[in-house]
$ cat input-v7.pdb   # PDB, C-alpha atoms
MODEL        1
ATOM      1  CA  MET A   1       0.000   0.000   0.000
ATOM      2  CA  VAL A   2       1.307   3.486  -0.850
ATOM      3  CA  SER A   3       2.111   5.304   2.374
ATOM      4  CA  THR A   4       1.194   8.927   3.033
ATOM      5  CA  ALA A   5       3.922   9.342   5.652
ATOM      6  CA  THR A   6       7.087  11.274   4.937
ATOM      7  CA  SER A   7       9.859   9.333   3.206
ATOM      8  CA  ILE A   8      13.545  10.204   3.171
ATOM      9  CA  LEU A   9      13.314  10.074  -0.622
ATOM     10  CA  ASP A  10      11.115  13.188  -0.512
ATOM     11  CA  SER A  11      14.164  15.134   0.707
ATOM     12  CA  ILE A  12      16.467  13.910  -2.077
ATOM     13  CA  TYR A  13      16.482  15.395  -5.570
ATOM     14  CA  ILE A  14      18.087  14.555  -8.905
ATOM     15  CA  LEU A  15      20.299  17.385 -10.111
ATOM     16  CA  GLN A  16      19.935  19.091 -13.454
ATOM     17  CA  GLY A  17      22.978  18.273 -15.571
ATOM     18  CA  ALA A  18      24.650  20.425 -18.198
ATOM     19  CA  LEU A  19      22.474  20.945 -21.264
ATOM     20  CA  THR A  20      23.651  19.123 -24.383
ATOM     21  CA  PRO A  21      22.483  19.048 -28.033
ATOM     22  CA  LEU A  22      19.495  16.757 -28.488
ATOM     23  CA  ALA A  23      19.325  14.746 -31.700
ATOM     24  CA  PRO A  24      15.881  13.515 -32.822
ATOM     25  CA  VAL A  25      15.180   9.982 -31.618
ATOM     26  CA  PRO A  26      12.504   7.845 -33.366
ATOM     27  CA  ASN A  27      11.007   6.503 -30.148
ATOM     28  CA  GLY A  28      11.686   9.631 -28.121
ATOM     29  CA  ASN A  29      14.036   7.824 -25.745
ATOM     30  CA  ALA A  30      17.801   7.713 -26.242
ATOM     31  CA  GLN A  31      18.536   6.176 -22.830
ATOM     32  CA  SER A  32      19.185   2.519 -22.175
ATOM     33  CA  MET A  33      17.340   1.130 -19.147
ATOM     34  CA  ALA A  34      18.342  -2.517 -19.611
ATOM     35  CA  ILE A  35      19.600  -4.637 -16.701
ATOM     36  CA  ASP A  36      21.920  -7.548 -17.461
ATOM     37  CA  LEU A  37      21.265 -10.326 -14.948
ATOM     38  CA  LYS A  38      24.190 -12.682 -15.446
ATOM     39  CA  CYS A  39      24.604 -16.180 -14.087
ATOM     40  CA  GLN A  40      28.178 -16.099 -12.774
ATOM     41  CA  ALA A  41      28.548 -19.881 -12.859
ATOM     42  CA  GLY A  42      27.295 -20.288 -16.424
ATOM     43  CA  LYS A  43      27.082 -18.530 -19.755
ATOM     44  CA  ARG A  44      23.471 -17.436 -19.539
ATOM     45  CA  SER A  45      22.580 -13.760 -19.280
ATOM     46  CA  LEU A  46      19.004 -12.641 -18.624
ATOM     47  CA  LEU A  47      18.446  -9.194 -20.116
ATOM     48  CA  LEU A  48      15.736  -7.167 -18.393
ATOM     49  CA  PRO A  49      14.692  -4.203 -20.572
ATOM     50  CA  SER A  50      13.843  -1.943 -17.633
ATOM     51  CA  PRO A  51      14.471  -1.570 -13.875
ATOM     52  CA  LEU A  52      10.882  -2.497 -12.972
ATOM     53  CA  ILE A  53       9.907  -5.799 -11.352
ATOM     54  CA  VAL A  54       6.673  -7.231  -9.924
ATOM     55  CA  ARG A  55       7.299  -9.068  -6.673
ATOM     56  CA  ASN A  56       4.140  -9.185  -4.561
ATOM     57  CA  THR A  57       1.189  -9.195  -6.965
ATOM     58  CA  SER A  58      -0.691 -12.482  -7.395
ATOM     59  CA  SER A  59      -3.706 -14.024  -9.090
ATOM     60  CA  ARG A  60      -5.542 -13.826  -5.756
ATOM     61  CA  GLN A  61      -5.412 -10.022  -5.919
ATOM     62  CA  LEU A  62      -6.157  -9.675  -9.617
ATOM     63  CA  GLY A  63      -8.712 -12.451 -10.002
ATOM     64  CA  PRO A  64     -10.076 -12.436 -13.576
ATOM     65  CA  HIS A  65      -7.508  -9.799 -14.578
ATOM     66  CA  TRP A  66      -4.536 -12.110 -13.884
ATOM     67  CA  ARG A  67      -4.262 -13.529 -17.400
ATOM     68  CA  SER A  68      -4.390 -10.116 -19.072
ATOM     69  CA  PHE A  69      -1.974  -8.735 -16.490
ATOM     70  CA  CYS A  70       0.537 -11.511 -17.233
ATOM     71  CA  SER A  71       0.115 -10.855 -20.967
ATOM     72  CA  LEU A  72       0.963  -7.206 -20.311
ATOM     73  CA  LEU A  73       4.071  -8.174 -18.317
ATOM     74  CA  CYS A  74       5.066 -10.603 -21.076
ATOM     75  CA  LYS A  75       4.702  -7.851 -23.672
ATOM     76  CA  GLN A  76       6.841  -5.481 -21.583
ATOM     77  CA  ARG A  77       9.260  -8.302 -20.573
ATOM     78  CA  LEU A  78       8.788  -7.392 -16.925
ATOM     79  CA  PRO A  79       9.545 -10.271 -14.535
ATOM     80  CA  VAL A  80       7.045 -11.434 -11.943
ATOM     81  CA  TYR A  81       7.710 -13.405  -8.764
ATOM     82  CA  SER A  82       5.238 -16.255  -8.987
ATOM     83  CA  PRO A  83       4.929 -19.986  -8.279
ATOM     84  CA  VAL A  84       4.478 -22.306 -11.247
ATOM     85  CA  ALA A  85       0.892 -23.094 -10.241
ATOM     86  CA  GLU A  86      -0.216 -19.502 -10.869
ATOM     87  CA  LEU A  87       1.043 -19.541 -14.466
ATOM     88  CA  GLU A  88       0.561 -23.118 -15.663
ATOM     89  CA  SER A  89      -3.002 -22.524 -16.902
ATOM     90  CA  LEU A  90      -1.964 -19.547 -19.040
ATOM     91  CA  PRO A  91      -1.185 -19.841 -22.764
ATOM     92  CA  THR A  92       2.533 -19.800 -23.519
ATOM     93  CA  ALA A  93       2.279 -16.394 -25.190
ATOM     94  CA  SER A  94       0.964 -14.888 -21.933
ATOM     95  CA  ILE A  95       3.637 -16.224 -19.563
ATOM     96  CA  PRO A  96       6.085 -13.496 -18.436
ATOM     97  CA  LEU A  97       9.595 -13.974 -17.115
ATOM     98  CA  ARG A  98       9.181 -15.885 -13.849
ATOM     99  CA  PHE A  99      11.265 -15.472 -10.724
ATOM    100  CA  ALA A 100      10.856 -18.309  -8.222
ATOM    101  CA  GLN A 101      11.024 -17.519  -4.522
ATOM    102  CA  GLN A 102      12.045 -19.908  -1.755
ATOM    103  CA  PHE A 103      11.315 -19.014   1.878
ATOM    104  CA  ILE A 104      13.472 -20.421   4.674
ATOM    105  CA  ASN A 105      12.625 -23.682   6.444
ATOM    106  CA  GLU A 106      10.544 -24.918   3.510
ATOM    107  CA  PRO A 107      11.391 -27.895   1.264
ATOM    108  CA  LEU A 108      12.807 -27.167  -2.166
ATOM    109  CA  ASP A 109      10.484 -27.838  -5.083
ATOM    110  CA  PRO A 110      12.494 -29.102  -8.098
ATOM    111  CA  THR A 111       9.781 -27.916 -10.497
ATOM    112  CA  GLU A 112      10.074 -24.359  -9.203
ATOM    113  CA  ILE A 113      13.829 -24.411  -9.830
ATOM    114  CA  HIS A 114      13.790 -26.112 -13.239
ATOM    115  CA  THR A 115      11.197 -23.791 -14.765
ATOM    116  CA  ALA A 116      12.355 -20.474 -13.282
ATOM    117  CA  ASP A 117      14.125 -17.716 -15.197
ATOM    118  CA  ALA A 118      15.717 -16.693 -11.876
ATOM    119  CA  PHE A 119      15.628 -18.060  -8.330
ATOM    120  CA  GLU A 120      15.653 -16.195  -5.011
ATOM    121  CA  LEU A 121      16.190 -17.608  -1.539
ATOM    122  CA  ILE A 122      14.639 -15.103   0.848
ATOM    123  CA  MET A 123      15.850 -15.263   4.446
ATOM    124  CA  ARG A 124      12.375 -14.864   5.887
ATOM    125  CA  GLU A 125       9.644 -17.194   7.118
ATOM    126  CA  ARG A 126       6.571 -17.117   4.926
ATOM    127  CA  ALA A 127       4.036 -17.490   7.751
ATOM    128  CA  THR A 128       5.520 -15.212  10.418
ATOM    129  CA  GLY A 129       7.497 -12.756   8.303
ATOM    130  CA  ARG A 130      10.463 -13.136  10.674
ATOM    131  CA  TRP A 131      13.935 -12.646   9.205
ATOM    132  CA  GLY A 132      16.682 -15.156   9.956
ATOM    133  CA  TRP A 133      18.961 -17.796   8.516
ATOM    134  CA  SER A 134      17.453 -21.145   7.646
ATOM    135  CA  SER A 135      17.948 -23.818  10.311
ATOM    136  CA  GLU A 136      19.281 -26.112   7.569
ATOM    137  CA  VAL A 137      21.271 -23.633   5.504
ATOM    138  CA  GLY A 138      22.601 -21.045   7.937
ATOM    139  CA  ARG A 139      24.994 -18.267   7.076
ATOM    140  CA  ASN A 140      28.027 -20.555   7.084
ATOM    141  CA  ARG A 141      26.457 -23.075   4.693
ATOM    142  CA  LEU A 142      24.873 -20.602   2.289
ATOM    143  CA  ALA A 143      27.575 -21.126  -0.347
ATOM    144  CA  SER A 144      26.929 -24.887  -0.355
ATOM    145  CA  PHE A 145      23.201 -24.316  -0.701
ATOM    146  CA  VAL A 146      23.652 -21.912  -3.618
ATOM    147  CA  SER A 147      25.938 -24.451  -5.276
ATOM    148  CA  ALA A 148      23.328 -27.205  -4.819
ATOM    149  CA  VAL A 149      20.596 -25.034  -6.356
ATOM    150  CA  ARG A 150      22.895 -24.273  -9.290
ATOM    151  CA  CYS A 151      23.364 -27.972  -9.923
ATOM    152  CA  ALA A 152      19.621 -28.604  -9.686
ATOM    153  CA  SER A 153      18.899 -25.805 -12.173
ATOM    154  CA  GLY A 154      21.526 -26.914 -14.669
ATOM    155  CA  GLY A 155      23.867 -24.075 -13.782
ATOM    156  CA  GLU A 156      22.211 -21.470 -16.008
ATOM    157  CA  VAL A 157      19.640 -19.841 -13.700
ATOM    158  CA  PRO A 158      20.614 -16.607 -11.885
ATOM    159  CA  ILE A 159      20.381 -17.121  -8.121
ATOM    160  CA  GLY A 160      19.834 -14.389  -5.550
ATOM    161  CA  VAL A 161      19.391 -13.974  -1.817
ATOM    162  CA  GLY A 162      16.730 -11.804  -0.179
ATOM    163  CA  LEU A 163      17.655  -9.840   2.951
ATOM    164  CA  PRO A 164      16.086  -7.028   4.976
ATOM    165  CA  LEU A 165      17.005  -3.606   3.616
ATOM    166  CA  GLU A 166      18.716  -2.753   6.907
ATOM    167  CA  ALA A 167      20.733  -6.021   6.896
ATOM    168  CA  GLN A 168      24.068  -6.108   8.705
ATOM    169  CA  ARG A 169      27.266  -6.044   6.655
ATOM    170  CA  ASP A 170      28.171  -9.615   7.709
ATOM    171  CA  ASP A 171      24.901 -10.943   6.295
ATOM    172  CA  VAL A 172      25.391  -9.087   3.013
ATOM    173  CA  GLN A 173      28.972 -10.367   2.872
ATOM    174  CA  ALA A 174      27.795 -13.958   3.391
ATOM    175  CA  ALA A 175      25.541 -13.635   0.339
ATOM    176  CA  LEU A 176      28.358 -12.174  -1.750
ATOM    177  CA  ASP A 177      30.775 -14.886  -0.590
ATOM    178  CA  ALA A 178      28.219 -17.508  -1.664
ATOM    179  CA  GLY A 179      28.541 -16.286  -5.251
ATOM    180  CA  VAL A 180      24.992 -15.012  -5.734
ATOM    181  CA  ASP A 181      24.018 -13.337  -9.000
ATOM    182  CA  PHE A 182      21.809 -10.693  -7.394
ATOM    183  CA  LEU A 183      20.689  -9.350  -4.028
ATOM    184  CA  THR A 184      17.162  -8.428  -3.007
ATOM    185  CA  LEU A 185      16.693  -5.927  -0.180
ATOM    186  CA  GLU A 186      13.209  -5.680   1.308
ATOM    187  CA  ALA A 187      11.869  -2.941   3.576
ATOM    188  CA  GLY A 188       8.386  -4.243   4.292
ATOM    189  CA  ALA A 189       5.752  -1.866   5.660
ATOM    190  CA  GLY A 190       6.252   1.772   6.553
ATOM    191  CA  VAL A 191       8.313   4.302   4.630
ATOM    192  CA  PHE A 192      11.893   4.579   3.396
ATOM    193  CA  THR A 193      13.892   5.702   6.441
ATOM    194  CA  ARG A 194      17.479   6.756   7.119
ATOM    195  CA  LEU A 195      18.147   3.222   8.335
ATOM    196  CA  HIS A 196      16.930   1.839   5.005
ATOM    197  CA  LEU A 197      19.018   4.388   3.122
ATOM    198  CA  GLN A 198      22.098   3.375   5.080
ATOM    199  CA  GLY A 199      21.384  -0.293   4.337
ATOM    200  CA  LEU A 200      21.156   0.306   0.586
ATOM    201  CA  LEU A 201      24.319   2.413   0.553
ATOM    202  CA  LEU A 202      26.245  -0.190   2.569
ATOM    203  CA  ALA A 203      25.069  -3.042   0.334
ATOM    204  CA  ARG A 204      26.238  -1.246  -2.809
ATOM    205  CA  ARG A 205      29.550  -0.387  -1.138
ATOM    206  CA  ALA A 206      30.006  -4.053  -0.167
ATOM    207  CA  CYS A 207      29.515  -5.026  -3.820
ATOM    208  CA  LYS A 208      32.165  -2.534  -4.918
ATOM    209  CA  GLU A 209      34.626  -3.650  -2.256
ATOM    210  CA  ASN A 210      34.184  -7.245  -3.448
ATOM    211  CA  ARG A 211      34.783  -6.184  -7.070
ATOM    212  CA  LEU A 212      31.134  -6.826  -7.879
ATOM    213  CA  ASP A 213      30.274  -3.267  -8.893
ATOM    214  CA  GLY A 214      27.652  -4.372 -11.403
ATOM    215  CA  LEU A 215      25.909  -6.957  -9.214
ATOM    216  CA  PRO A 216      22.161  -6.240  -9.504
ATOM    217  CA  ILE A 217      20.424  -5.137  -6.312
ATOM    218  CA  PHE A 218      16.633  -5.438  -6.306
ATOM    219  CA  VAL A 219      14.776  -3.201  -3.858
ATOM    220  CA  ASP A 220      11.284  -3.841  -2.502
ATOM    221  CA  LEU A 221       9.771  -1.055  -0.387
ATOM    222  CA  PRO A 222       6.555   0.984  -0.075
ATOM    223  CA  LEU A 223       6.885   3.346  -3.045
ATOM    224  CA  ARG A 224       5.051   6.649  -2.749
ATOM    225  CA  SER A 225       5.689   8.136  -6.178
ATOM    226  CA  MET A 226       7.101   7.356  -9.600
ATOM    227  CA  ASP A 227      10.149   9.597  -9.253
ATOM    228  CA  ALA A 228      11.309   7.414  -6.345
ATOM    229  CA  VAL A 229      12.496   4.716  -8.772
ATOM    230  CA  ALA A 230      15.179   6.902 -10.381
ATOM    231  CA  LYS A 231      16.320   8.123  -6.947
ATOM    232  CA  LEU A 232      16.656   4.561  -5.652
ATOM    233  CA  ILE A 233      18.709   3.610  -8.708
ATOM    234  CA  ALA A 234      21.026   6.564  -8.093
ATOM    235  CA  LEU A 235      21.355   5.386  -4.481
ATOM    236  CA  GLY A 236      22.518   1.934  -5.585
ATOM    237  CA  ALA A 237      19.480  -0.107  -6.616
ATOM    238  CA  SER A 238      19.292  -1.832 -10.007
ATOM    239  CA  CYS A 239      15.618  -2.845 -10.076
ATOM    240  CA  VAL A 240      12.661  -1.643  -8.023
ATOM    241  CA  ALA A 241       9.449  -3.520  -7.215
ATOM    242  CA  ILE A 242       6.450  -1.460  -8.307
ATOM    243  CA  ASP A 243       3.728  -3.479  -6.531
ATOM    244  CA  PRO A 244       2.671  -0.568  -4.256
ATOM    245  CA  LEU A 245       1.878   1.505  -7.346
ATOM    246  CA  ILE A 246       0.036  -1.436  -8.924
ATOM    247  CA  GLU A 247      -2.040  -1.902  -5.775
ATOM    248  CA  THR A 248      -3.461   1.622  -6.001
ATOM    249  CA  LEU A 249      -4.956   0.769  -9.410
ATOM    250  CA  LEU A 250      -6.595  -2.520  -8.493
ATOM    251  CA  PRO A 251     -10.407  -2.554  -8.254
ATOM    252  CA  LYS A 252     -11.654  -2.407  -4.683
ATOM    253  CA  PRO A 253     -13.916  -5.262  -3.502
ATOM    254  CA  THR A 254     -17.571  -4.294  -3.485
ATOM    255  CA  LYS A 255     -20.417  -5.711  -1.431
ATOM    256  CA  SER A 256     -23.081  -7.684  -3.215
ATOM    257  CA  ARG A 257     -26.165  -5.643  -3.926
ATOM    258  CA  GLY A 258     -28.428  -8.669  -4.019
ATOM    259  CA  ASN A 259     -30.279  -9.921  -7.037
ATOM    260  CA  VAL A 260     -30.030  -7.727 -10.118
ATOM    261  CA  ALA A 261     -33.417  -6.725 -11.501
ATOM    262  CA  MET A 262     -34.487  -8.106 -14.837
ATOM    263  CA  GLY A 263     -34.561  -6.053 -18.031
ATOM    264  CA  SER A 264     -32.588  -2.808 -18.337
ATOM    265  CA  GLY A 265     -31.177  -3.181 -14.819
ATOM    266  CA  MET A 266     -29.531  -6.485 -15.758
ATOM    267  CA  LEU A 267     -28.091  -5.055 -18.975
ATOM    268  CA  SER A 268     -26.729  -2.082 -17.047
ATOM    269  CA  GLY A 269     -25.102  -4.423 -14.541
ATOM    270  CA  ILE A 270     -23.417  -6.411 -17.320
ATOM    271  CA  ALA A 271     -22.063  -3.217 -18.907
ATOM    272  CA  VAL A 272     -20.612  -2.035 -15.592
ATOM    273  CA  ALA A 273     -19.003  -5.444 -15.018
ATOM    274  CA  ASN A 274     -17.388  -5.388 -18.458
ATOM    275  CA  GLN A 275     -15.998  -1.892 -17.842
ATOM    276  CA  ALA A 276     -14.626  -3.018 -14.475
ATOM    277  CA  GLU A 277     -12.697  -5.839 -16.172
ATOM    278  CA  VAL A 278     -11.143  -3.583 -18.818
ATOM    279  CA  ALA A 279     -10.346  -0.460 -16.784
ATOM    280  CA  PRO A 280      -7.706  -1.874 -14.360
ATOM    281  CA  LEU A 281      -5.569  -3.333 -17.158
ATOM    282  CA  HIS A 282      -5.760  -0.119 -19.164
ATOM    283  CA  ASP A 283      -4.758   1.855 -16.060
ATOM    284  CA  LEU A 284      -1.901  -0.546 -15.319
ATOM    285  CA  GLU A 285      -0.546  -0.285 -18.850
ATOM    286  CA  GLN A 286      -0.731   3.498 -18.681
ATOM    287  CA  MET A 287       1.019   3.475 -15.294
ATOM    288  CA  LEU A 288       3.872   1.314 -16.596
ATOM    289  CA  GLY A 289       4.350   3.702 -19.492
ATOM    290  CA  ARG A 290       4.398   6.726 -17.173
ATOM    291  CA  GLN A 291       6.845   5.002 -14.823
ATOM    292  CA  LEU A 292       9.305   4.230 -17.621
ATOM    293  CA  LEU A 293       8.926   7.795 -18.904
ATOM    294  CA  SER A 294       9.635   9.126 -15.404
ATOM    295  CA  VAL A 295      12.905   7.163 -15.203
ATOM    296  CA  SER A 296      13.860   8.238 -18.731
ATOM    297  CA  GLN A 297      13.207  11.908 -17.937
ATOM    298  CA  SER A 298      15.291  11.688 -14.754
ATOM    299  CA  MET A 299      18.148  10.188 -16.766
ATOM    300  CA  GLN A 300      17.830  12.892 -19.400
ATOM    301  CA  ARG A 301      17.787  15.620 -16.737
ATOM    302  CA  CYS A 302      21.174  14.619 -15.349
ATOM    303  CA  GLY A 303      22.684  13.561 -18.688
ATOM    304  CA  ALA A 304      22.787   9.794 -18.045
ATOM    305  CA  ALA A 305      22.717   7.615 -21.169
ATOM    306  CA  ARG A 306      22.571   4.350 -19.169
ATOM    307  CA  LEU A 307      21.101   3.385 -15.827
ATOM    308  CA  SER A 308      24.586   2.666 -14.502
ATOM    309  CA  GLU A 309      25.377   6.370 -14.944
ATOM    310  CA  LEU A 310      22.705   7.296 -12.408
ATOM    311  CA  ASP A 311      24.677   7.479  -9.168
ATOM    312  CA  LEU A 312      25.182   9.491  -5.995
ATOM    313  CA  SER A 313      26.870  12.340  -7.876
ATOM    314  CA  GLN A 314      23.490  13.182  -9.454
ATOM    315  CA  LEU A 315      21.721  13.594  -6.102
ATOM    316  CA  TRP A 316      21.287  16.640  -3.889
ATOM    317  CA  THR A 317      19.603  17.337  -0.570
ATOM    318  CA  SER A 318      19.321  20.351   1.714
ATOM    319  CA  ASP A 319      19.369  18.032   4.735
ATOM    320  CA  GLN A 320      22.941  18.275   6.027
ATOM    321  CA  ASP A 321      22.870  14.890   7.776
ATOM    322  CA  LEU A 322      21.633  13.221   4.601
ATOM    323  CA  GLN A 323      24.220  15.046   2.514
ATOM    324  CA  ARG A 324      27.018  13.817   4.788
ATOM    325  CA  MET A 325      25.668  10.276   4.484
ATOM    326  CA  LEU A 326      25.611  10.481   0.681
ATOM    327  CA  SER A 327      29.065  12.083   0.527
ATOM    328  CA  ALA A 328      30.549   9.333   2.706
ATOM    329  CA  HIS A 329      29.538   6.715   0.126
ATOM    330  CA  SER A 330      30.236   8.597  -3.107
ATOM    331  CA  GLY A 331      33.365   8.038  -5.149
TER
ENDMDL
END
$ encode --input "input-v7.pdb" --output "structure tokens"
Amino acid sequence: MVSTATSILDSIYILQGALTPLAPVPNGNAQSMAIDLKCQAGKRSLLLPSPLIVRNTSSRQLGPHWRSFCSLLCKQRLPVYSPVAELESLPTASIPLRFAQQFINEPLDPTEIHTADAFELIMRERATGRWGWSSEVGRNRLASFVSAVRCASGGEVPIGVGLPLEAQRDDVQAALDAGVDFLTLEAGAGVFTRLHLQGLLLARRACKENRLDGLPIFVDLPLRSMDAVAKLIALGASCVAIDPLIETLLPKPTKSRGNVAMGSGMLSGIAVANQAEVAPLHDLEQMLGRQLLSVSQSMQRCGAARLSELDLSQLWTSDQDLQRMLSAHSG
């Protein structure tokens, strides 16, 4: 859910870069927003065309809109975190890139691994939401577990580890030492705080210190606005989950109004139902387009031709404590 509370991101701005000559571009966008998700142990590289991911939206929320929603994601090549069961009834042309997710203290499902485009082990219990290391894997055995999953997947599926956004450096280091292909940092409920900011900055610094500058970092937090995506990328994220923005566009459940009257009343009810099925998908498609345009405009504003060029040097804040925090991690 999109929070109305104040977020640290509201105090951070993307600087205007030096103006340069603009050549006409056929599609109106000269920037590259692609993310290269490489499997370090194999030759496969999964190219994501944009920094947007869908991590917490399911068929239960979308109901009859799920198939059309997946078709939209497939068209945009946006990945979705989803179990096989939620996609197996869809036609092949409607199945988007699928990221499998494994919670701790749950048995591995070979089908989930074999059919995934990417695999994430999240260090959180599904039922309680508590963060911690698996009783079977543990921090010290994470590398062995990652290696076992690689073997089970054929060695060509990118593997990541999910941690809390404010994770300690030792936990981030354990994931990097295990040879993961990406990190996911999750904030949960609330807003983006200074503690979250520090966690993201420290995770990106850890990647650099381990000579993994380009390691993708996925961020999942309660987004409040579209311009937050570009700011998070400049702060060190590679991809951002947009589920909070999707949630605002989903149709709200309505109470049954009893039996619909015959005649014109029934026809009116059918027309309203048809509009309700079409509107959310149209709104979602429009939102995705606006979100990509927002990132592109932020890149253009600071003169970045690629997402990797969006960094701390393009950010400014009047908050002196925040500025010191950003300066300590720049360069």
$ residues_around --input "input-v7.pdb" --residues "Ile242 of chain A" --least-positions-apart "3" --cutoff "10 Å" --atoms "only C-alpha atoms" --output "list in words"
Pro51, Leu52, Ile53, Val54, Arg55, Asn56, Thr57, Val219, Asp220, Leu221, Pro222, Leu223, Arg224, Ser225, Met226, Val229, Cys239, Leu245, Ile246, Glu247, Leu288 and Gln291 of chain A
$ resolve_selection --input "input-v7.pdb" --expression "the PyMOL selection byres ((chain A and resi 302-310) around 10)" --output "ChimeraX atom specification"
/A:14-20,29-35,50-51,213-214,230-238,295-301,311-315
$ residues_around --input "input-v7.pdb" --residues "Glu285 of chain A" --least-positions-apart "4" --cutoff "12 Å" --atoms "only C-alpha atoms" --output "list of chain:residue names"
A:Ser68, A:Phe69, A:Cys70, A:Ser71, A:Leu72, A:Leu73, A:Cys74, A:Lys75, A:Gln76, A:Leu78, A:Leu245, A:Ile246, A:Leu249, A:Val278, A:Ala279, A:Pro280, A:Leu281, A:Gly289, A:Arg290, A:Gln291, A:Leu292
$ atom_distance --input "input-v7.pdb" --atom1 "atom CA of Ser11 of chain A" --atom2 "atom CA of Val172 of chain A"
26.8 Å
$ closest_residue --input "input-v7.pdb" --among "A:Trp133, A:Lys43, A:Leu183, A:Leu87" --to "Ser59 of chain A" --atoms "only C-alpha atoms"
A:Leu87
$ residues_around --input "input-v7.pdb" --residues "Asp109 of chain A" --least-positions-apart "4" --cutoff "12 Å" --atoms "all atoms listed in the file" --output "PDB file with C-alpha atoms, keeping the file's coordinate frame"
ATOM      1  CA  PRO A  83       4.929 -19.986  -8.279  1.00  0.00           C
ATOM      2  CA  VAL A  84       4.478 -22.306 -11.247  1.00  0.00           C
ATOM      3  CA  ALA A  85       0.892 -23.094 -10.241  1.00  0.00           C
ATOM      4  CA  ALA A 100      10.856 -18.309  -8.222  1.00  0.00           C
ATOM      5  CA  GLN A 101      11.024 -17.519  -4.522  1.00  0.00           C
ATOM      6  CA  GLN A 102      12.045 -19.908  -1.755  1.00  0.00           C
ATOM      7  CA  PHE A 103      11.315 -19.014   1.878  1.00  0.00           C
ATOM      8  CA  ILE A 113      13.829 -24.411  -9.830  1.00  0.00           C
ATOM      9  CA  HIS A 114      13.790 -26.112 -13.239  1.00  0.00           C
ATOM     10  CA  THR A 115      11.197 -23.791 -14.765  1.00  0.00           C
ATOM     11  CA  ALA A 116      12.355 -20.474 -13.282  1.00  0.00           C
ATOM     12  CA  PHE A 119      15.628 -18.060  -8.330  1.00  0.00           C
ATOM     13  CA  VAL A 149      20.596 -25.034  -6.356  1.00  0.00           C
ATOM     14  CA  ALA A 152      19.621 -28.604  -9.686  1.00  0.00           C
ATOM     15  CA  SER A 153      18.899 -25.805 -12.173  1.00  0.00           C
TER      16      SER A 153
END
$ atom_distance --input "input-v7.pdb" --atom1 "atom CA of Val80 of chain A" --atom2 "atom CA of Leu97 of chain A"
6.3 Å
$ build_atoms --input "input-v7.pdb" --residues "segment 125-137 of chain A" --atoms "N, CA and C atoms" --output "short mmCIF file (atom, residue, chain, number, x, y, z; two decimals), in the frame of the given file"
data_model
loop_
_atom_site.label_atom_id
_atom_site.label_comp_id
_atom_site.auth_asym_id
_atom_site.auth_seq_id
_atom_site.Cartn_x
_atom_site.Cartn_y
_atom_site.Cartn_z
N GLU A 125 10.70 -16.19 7.03
CA GLU A 125 9.64 -17.19 7.12
C GLU A 125 8.39 -16.67 6.43
N ARG A 126 7.77 -17.54 5.65
CA ARG A 126 6.57 -17.12 4.93
C ARG A 126 5.42 -16.78 5.90
N ALA A 127 5.20 -17.64 6.87
CA ALA A 127 4.04 -17.49 7.75
C ALA A 127 4.18 -16.34 8.74
N THR A 128 5.34 -16.21 9.36
CA THR A 128 5.52 -15.21 10.42
C THR A 128 6.13 -13.91 9.93
N GLY A 129 6.83 -13.96 8.79
CA GLY A 129 7.50 -12.76 8.30
C GLY A 129 8.81 -12.47 9.01
N ARG A 130 9.22 -13.36 9.93
CA ARG A 130 10.46 -13.14 10.67
C ARG A 130 11.68 -13.38 9.79
N TRP A 131 12.68 -12.50 9.94
CA TRP A 131 13.94 -12.65 9.20
C TRP A 131 14.89 -13.52 10.00
N GLY A 132 15.68 -14.32 9.30
CA GLY A 132 16.68 -15.16 9.96
C GLY A 132 17.27 -16.15 8.97
N TRP A 133 18.35 -16.78 9.36
CA TRP A 133 18.96 -17.80 8.52
C TRP A 133 18.23 -19.12 8.69
N SER A 134 18.12 -19.85 7.61
CA SER A 134 17.45 -21.14 7.65
C SER A 134 18.16 -22.07 8.63
N SER A 135 17.36 -22.88 9.35
CA SER A 135 17.95 -23.82 10.31
C SER A 135 18.80 -24.87 9.61
N GLU A 136 18.51 -25.13 8.33
CA GLU A 136 19.28 -26.11 7.57
C GLU A 136 20.45 -25.48 6.82
N VAL A 137 20.22 -24.28 6.31
CA VAL A 137 21.27 -23.63 5.50
C VAL A 137 22.23 -22.87 6.40
#
